[in-house]
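Peer 1: The following file, run-v5.cif, comprises mmCIF, C-alpha atoms:
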```cif
data_final
#
loop_
_atom_site.label_atom_id
_atom_site.label_comp_id
_atom_site.auth_asym_id
_atom_site.auth_seq_id
_atom_site.Cartn_x
_atom_site.Cartn_y
_atom_site.Cartn_z
CA MET Z 22 140.43 -152.03 169.44
CA GLU Z 23 141.56 -154.80 171.77
CA LYS Z 24 141.61 -154.73 175.54
CA ALA Z 25 143.78 -151.82 176.58
CA ASN Z 26 146.64 -152.12 179.01
CA GLN Z 27 146.94 -149.91 182.06
CA ARG Z 28 149.17 -147.41 180.30
CA GLU Z 29 146.64 -146.94 177.50
CA ILE Z 30 143.86 -146.39 180.02
CA GLN Z 31 145.96 -143.81 181.84
CA GLN Z 32 146.57 -142.02 178.55
CA LEU Z 33 142.84 -141.97 177.82
CA VAL Z 34 142.10 -140.56 181.27
CA ALA Z 35 144.78 -137.88 180.83
CA SER Z 36 143.33 -136.96 177.44
CA ILE Z 37 139.82 -136.62 178.89
CA ARG Z 38 141.14 -134.51 181.77
CA SER Z 39 142.93 -132.19 179.35
CA ARG Z 40 139.87 -131.83 177.15
CA LEU Z 41 137.67 -131.11 180.15
CA ASP Z 42 140.10 -128.41 181.25
CA ASP Z 43 139.88 -126.84 177.79
CA LEU Z 44 136.10 -126.45 177.90
CA PRO Z 45 135.05 -122.78 178.09
CA LEU Z 46 132.18 -123.73 180.41
CA ARG Z 47 132.19 -126.99 182.32
CA ASN Z 48 128.41 -127.28 182.33
CA THR Z 49 126.30 -130.34 181.55
CA ARG Z 50 125.72 -129.35 177.94
CA GLU Z 51 129.41 -128.95 177.13
CA ILE Z 52 130.49 -132.01 179.09
CA ARG Z 53 127.89 -134.11 177.28
CA SER Z 54 129.07 -132.75 173.93
CA LEU Z 55 132.58 -133.83 174.83
CA ARG Z 56 131.30 -137.24 175.91
CA ARG Z 57 129.55 -137.68 172.56
CA LEU Z 58 132.82 -136.95 170.78
CA ILE Z 59 134.66 -139.49 172.96
CA SER Z 60 131.88 -142.02 172.33
CA ARG Z 61 132.43 -141.69 168.58
CA GLU Z 62 136.16 -142.19 169.07
CA LEU Z 63 135.54 -145.32 171.16
CA SER Z 64 132.74 -146.71 169.02
CA GLY Z 65 134.91 -149.60 167.85
CA ALA Z 66 136.49 -150.27 171.22
CA ASN Z 67 136.25 -153.60 172.99
CA ALA Z 68 133.65 -153.52 175.78
CA GLU Z 69 136.31 -154.27 178.39
CA VAL Z 70 138.29 -151.20 177.32
CA VAL Z 71 135.23 -149.04 177.97
CA PHE Z 72 134.71 -150.69 181.36
CA ASP Z 73 138.37 -150.24 182.31
CA LEU Z 74 138.20 -146.60 181.29
CA GLY Z 75 134.98 -146.13 183.23
CA GLU Z 76 136.49 -147.60 186.38
CA ALA Z 77 139.55 -145.38 186.02
CA LEU Z 78 137.39 -142.28 185.60
CA ILE Z 79 134.99 -142.70 188.52
CA GLY Z 80 137.60 -141.86 191.13
CA GLN Z 81 138.55 -138.56 189.46
CA GLY Z 82 135.53 -136.50 190.48
CA PHE Z 83 131.86 -136.15 189.53
CA GLU Z 84 132.41 -134.78 186.01
CA PHE Z 85 134.57 -137.80 185.20
CA ARG Z 86 132.02 -140.15 186.78
CA PHE Z 87 129.30 -138.56 184.64
CA ILE Z 88 131.37 -139.13 181.50
CA ALA Z 89 132.16 -142.71 182.54
CA TYR Z 90 128.51 -143.64 183.05
CA GLU Z 91 127.38 -142.01 179.82
CA LEU Z 92 130.22 -143.64 177.85
CA ILE Z 93 129.16 -147.09 179.02
CA ALA Z 94 125.44 -146.41 178.59
CA ASN Z 95 126.04 -145.27 175.00
CA HIS Z 96 128.45 -148.06 173.99
CA ALA Z 97 126.25 -150.93 172.78
CA ALA Z 98 128.72 -153.73 173.47
CA ALA Z 99 129.55 -152.46 176.95
CA ARG Z 100 125.91 -151.88 177.80
CA ARG Z 101 124.99 -155.45 176.80
CA ARG Z 102 127.71 -156.87 179.04
CA LEU Z 103 126.68 -155.06 182.19
CA ASN Z 104 126.08 -157.37 185.14
CA ALA Z 105 125.86 -156.99 188.91
CA ALA Z 106 129.61 -157.29 189.49
CA LYS Z 107 130.48 -154.67 186.86
CA ILE Z 108 127.76 -152.29 187.99
CA GLU Z 109 128.77 -152.51 191.64
CA ARG Z 110 132.40 -151.79 190.73
CA LEU Z 111 131.23 -148.75 188.78
CA GLY Z 112 129.15 -147.65 191.77
CA ARG Z 113 132.11 -147.54 194.14
CA GLY Z 114 132.39 -144.20 195.88
CA ILE Z 115 128.89 -142.90 195.17
CA ASP Z 116 128.55 -140.30 197.89
CA SER Z 117 126.15 -137.61 196.69
CA TRP Z 118 122.67 -137.46 195.21
CA ALA Z 119 124.14 -136.44 191.84
CA ALA Z 120 126.52 -139.40 191.71
CA VAL Z 121 123.84 -141.85 192.85
CA ASP Z 122 121.19 -140.61 190.45
CA THR Z 123 123.52 -140.64 187.45
CA PHE Z 124 124.63 -144.17 188.35
CA ALA Z 125 121.08 -145.47 188.86
CA ILE Z 126 119.46 -143.73 185.89
CA TYR Z 127 122.14 -144.50 183.28
CA LEU Z 128 123.45 -147.89 184.39
CA ALA Z 129 121.75 -149.72 187.25
CA GLY Z 130 118.11 -149.04 186.36
CA PRO Z 131 118.37 -149.87 182.65
CA ALA Z 132 120.36 -153.05 183.40
CA TRP Z 133 117.74 -154.10 185.95
CA GLN Z 134 114.98 -153.27 183.49
CA VAL Z 135 116.30 -155.87 181.02
CA LYS Z 136 117.20 -158.33 183.80
CA GLN Z 137 120.96 -158.07 183.47
CA VAL Z 138 120.78 -157.32 187.19
CA SER Z 139 118.48 -159.38 189.39
CA ASP Z 140 115.78 -158.22 191.79
CA ALA Z 141 117.85 -159.77 194.59
CA VAL Z 142 120.77 -157.41 193.90
CA ILE Z 143 118.58 -154.30 194.11
CA ARG Z 144 116.93 -155.61 197.28
CA ARG Z 145 120.39 -156.10 198.78
CA TRP Z 146 121.18 -152.45 198.06
CA SER Z 147 117.97 -151.47 199.84
CA ARG Z 148 119.30 -153.18 202.99
CA SER Z 149 122.69 -151.46 202.87
CA ARG Z 150 123.97 -149.45 205.82
CA ASP Z 151 125.10 -146.87 203.26
CA ARG Z 152 122.39 -144.30 202.61
CA TRP Z 153 123.60 -143.81 199.03
CA TRP Z 154 123.14 -147.46 198.06
CA ARG Z 155 119.67 -147.42 199.59
CA ARG Z 156 118.90 -144.33 197.50
CA ALA Z 157 120.35 -146.09 194.44
CA ALA Z 158 117.90 -148.98 194.91
CA LEU Z 159 114.98 -146.55 194.74
CA VAL Z 160 116.28 -144.40 191.89
CA ALA Z 161 116.95 -147.57 189.88
CA THR Z 162 113.16 -148.01 189.71
CA VAL Z 163 112.75 -144.76 187.77
CA PRO Z 164 113.84 -146.16 184.36
CA LEU Z 165 111.34 -149.02 184.85
CA ASN Z 166 108.53 -146.47 184.65
CA SER Z 167 109.97 -143.60 182.61
CA LYS Z 168 109.01 -143.29 178.94
CA THR Z 169 112.24 -141.38 178.37
CA HIS Z 170 114.20 -144.46 179.42
CA GLY Z 171 111.96 -146.96 177.63
CA GLY Z 172 110.10 -148.06 180.75
CA ALA Z 173 106.69 -149.62 180.27
CA GLY Z 174 105.74 -149.44 183.95
CA ASP Z 175 106.63 -151.97 186.62
CA ALA Z 176 104.55 -151.61 189.77
CA ARG Z 177 105.67 -154.95 191.20
CA ARG Z 178 109.38 -154.23 191.27
CA THR Z 179 108.98 -150.56 192.15
CA LEU Z 180 106.65 -151.12 195.09
CA ALA Z 181 108.76 -154.01 196.39
CA ILE Z 182 111.73 -151.66 196.84
CA CYS Z 183 109.51 -148.95 198.33
CA GLN Z 184 108.12 -151.52 200.76
CA ALA Z 185 111.64 -152.51 201.80
CA LEU Z 186 112.46 -148.88 202.68
CA LEU Z 187 109.08 -147.95 204.08
CA THR Z 188 110.31 -146.72 207.47
CA ASP Z 189 113.64 -145.25 206.36
CA ARG Z 190 113.67 -141.58 207.32
CA ASP Z 191 116.99 -140.57 205.82
CA ASP Z 192 116.18 -137.46 203.78
CA MET Z 193 117.98 -138.75 200.68
CA VAL Z 194 115.96 -141.96 200.84
CA VAL Z 195 112.62 -140.25 201.46
CA LYS Z 196 113.17 -137.92 198.50
CA ALA Z 197 114.13 -140.86 196.28
CA MET Z 198 111.03 -142.83 197.27
CA SER Z 199 108.87 -139.81 196.49
CA TRP Z 200 110.49 -139.63 193.05
CA ALA Z 201 110.07 -143.38 192.48
CA LEU Z 202 106.37 -143.31 193.37
CA ARG Z 203 105.67 -140.15 191.39
CA GLU Z 204 107.28 -141.71 188.32
CA LEU Z 205 105.24 -144.89 188.74
CA ALA Z 206 102.08 -142.80 189.19
CA LYS Z 207 102.48 -141.60 185.60
CA ARG Z 208 102.01 -145.20 184.48
CA ASP Z 209 99.90 -146.79 187.21
CA ARG Z 210 98.06 -144.28 189.40
CA LYS Z 211 95.84 -147.00 190.86
CA ALA Z 212 98.80 -149.04 192.14
CA VAL Z 213 100.42 -146.00 193.73
CA ALA Z 214 97.18 -144.77 195.30
CA GLY Z 215 96.57 -148.22 196.75
CA PHE Z 216 100.11 -148.36 198.17
CA LEU Z 217 99.66 -144.95 199.82
CA ARG Z 218 96.36 -145.96 201.38
CA GLN Z 219 97.76 -149.22 202.68
CA GLN Z 220 100.97 -147.75 204.06
CA GLN Z 221 99.95 -144.21 205.01
CA GLN Z 222 100.73 -144.72 208.71
CA MET Z 223 104.28 -145.83 207.88
CA LEU Z 224 105.26 -143.35 205.17
CA ALA Z 225 106.94 -139.99 205.74
CA PRO Z 226 104.38 -137.11 205.73
CA ARG Z 227 106.39 -135.20 203.11
CA LEU Z 228 106.35 -138.19 200.77
CA LEU Z 229 102.59 -138.67 201.20
CA ARG Z 230 101.96 -135.01 200.42
CA GLU Z 231 104.15 -134.93 197.30
CA VAL Z 232 102.90 -138.18 195.81
CA ASN Z 233 99.24 -137.44 196.55
CA ASN Z 234 99.72 -134.02 194.93
CA LYS Z 235 101.16 -135.74 191.86
CA ILE Z 236 98.20 -138.12 191.66
CA ASP Z 237 95.60 -135.38 192.22
CA THR Z 238 97.07 -132.49 190.22
CA GLY Z 239 99.97 -133.82 188.17
CA LEU Z 240 102.32 -131.58 190.15
CA LYS Z 241 104.64 -132.34 193.05
CA ASN Z 242 104.03 -128.95 194.73
CA PRO Z 243 100.98 -127.30 193.14
CA ARG Z 244 100.86 -124.34 195.54
CA ARG Z 245 104.50 -123.51 194.92
CA ASN Z 246 103.98 -123.74 191.17
CA SER Z 247 100.93 -121.44 191.29
CA SER Z 248 102.85 -118.93 193.44
CA VAL Z 249 105.68 -118.88 190.91
CA GLY Z 250 103.15 -118.31 188.17
CA ARG Z 251 101.62 -115.33 190.01
CA LEU Z 252 105.05 -113.81 190.58
CA LYS Z 253 105.90 -114.10 186.90
CA LYS Z 254 102.65 -112.36 185.96
CA SER Z 255 103.09 -109.50 188.46
#
```
As a first step, turn the structure in this file into structure tokens.

Peer 2:
Amino acid sequence: MEKANQREIQQLVASIRSRLDDLPLRNTREIRSLRRLISRELSGANAEVVFDLGEALIGQGFEFRFIAYELIANHAAARRRLNAAKIERLGRGIDSWAAVDTFAIYLAGPAWQVKQVSDAVIRRWSRSRDRWWRRAALVATVPLNSKTHGGAGDARRTLAICQALLTDRDDMVVKAMSWALRELAKRDRKAVAGFLRQQQQMLAPRLLREVNNKIDTGLKNPRRNSSVGRLKKS
């Protein structure tokens, strides 16, 4: 399949919209099943067609954005051609934790992991006035450390972004840093513990509590988990 023209892209978007509308339940499981079907249909498509389709989808709502990111992440040719310019175009309009996390986990983080996106680009996001791009910088560290996403552990890059956002008290940023550090702790507890000790006066109390809990017990909120367990038993 060669590069599609605008009319072809519009037809693909209309087809995806119609098929989404036909789903009995528009939950993650059914939407992902639909995406897998579309991925098979586009398996022979030129990478630029998949990018054009992705860009056309992201402005249609979160479900379309989710499909766009998964289509690109699961199309080998498109995934190999990701770069900073393409990723930032695909990140336009991220304005919720769900949109940011899908973007960073499926596209930005994996591309950064294999150095298709430079450290400088992620650091620039960490300096953004937009809270969602700052969150994206932190969530992009998660694939570096997650076995699920092929991460082998990368304390240097992870802690550099955490350091850059050390004093940021936006709730979406604090929660993302907690996640980033907890994920790294699974691979390098010593590095995370050292970072917490060194920066404890600068870090948000909630973050310190959650990450220390993860290091000490393996759980983010051990008391809450034990309370849930007691309720289930009663």

Peer 1: To one decimal in Å, tell me the separation between CA of Arg190 in chain Z and CA of Asp209 in chain Z.

Peer 2: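 Result for CA of Arg190 in chain Z versus CA of Asp209 in chain Z: 24.9 Å, one decimal.
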
Peer 1: Record the distance separating CA of Gln31 in chain Z and CA of Ser117 in chain Z, expressed in Å with one decimal.

Peer 2: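 Separation of CA of Gln31 in chain Z and CA of Ser117 in chain Z: 25.5 Å.
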
Peer 1: Could I get the residues of range 130-247 of chain Z with an atom no further than 10 Å from an atom of range 89-108 of chain Z, each paired with its nearest atom pair and that distance in Å to one decimal, using only C-alpha atoms, sorted by chain and residue number, as a Markdown table?

Peer 2:
```
| residue | atom | partner | partner_atom | distance |
| --- | --- | --- | --- | --- |
| Z:Pro131 | CA | Z:Ala94 | CA | 8.9 |
| Z:Ala132 | CA | Z:Leu103 | CA | 6.7 |
| Z:Trp133 | CA | Z:Asn104 | CA | 9.0 |
| Z:Val135 | CA | Z:Arg101 | CA | 9.7 |
| Z:Lys136 | CA | Z:Asn104 | CA | 9.0 |
| Z:Gln137 | CA | Z:Asn104 | CA | 5.4 |
| Z:Val138 | CA | Z:Ala105 | CA | 5.4 |
| Z:Ser139 | CA | Z:Ala105 | CA | 7.8 |
| Z:Val142 | CA | Z:Ala105 | CA | 7.1 |
| Z:Ile143 | CA | Z:Ala105 | CA | 9.3 |
```

Peer 1: Using Å and a single decimal, report how far CA of Val232 in chain Z sits from CA of Met193 in chain Z.

Peer 2: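 Between CA of Met193 in chain Z and CA of Val232 in chain Z the gap is 15.9 Å.
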
Peer 1: Find the residue from Z:Leu229, Z:Leu33, Z:Val71, Z:Ile88 that sits nearest to Thr49 in chain Z; use all atoms listed in the file when measuring.

Peer 2: Z:Ile88
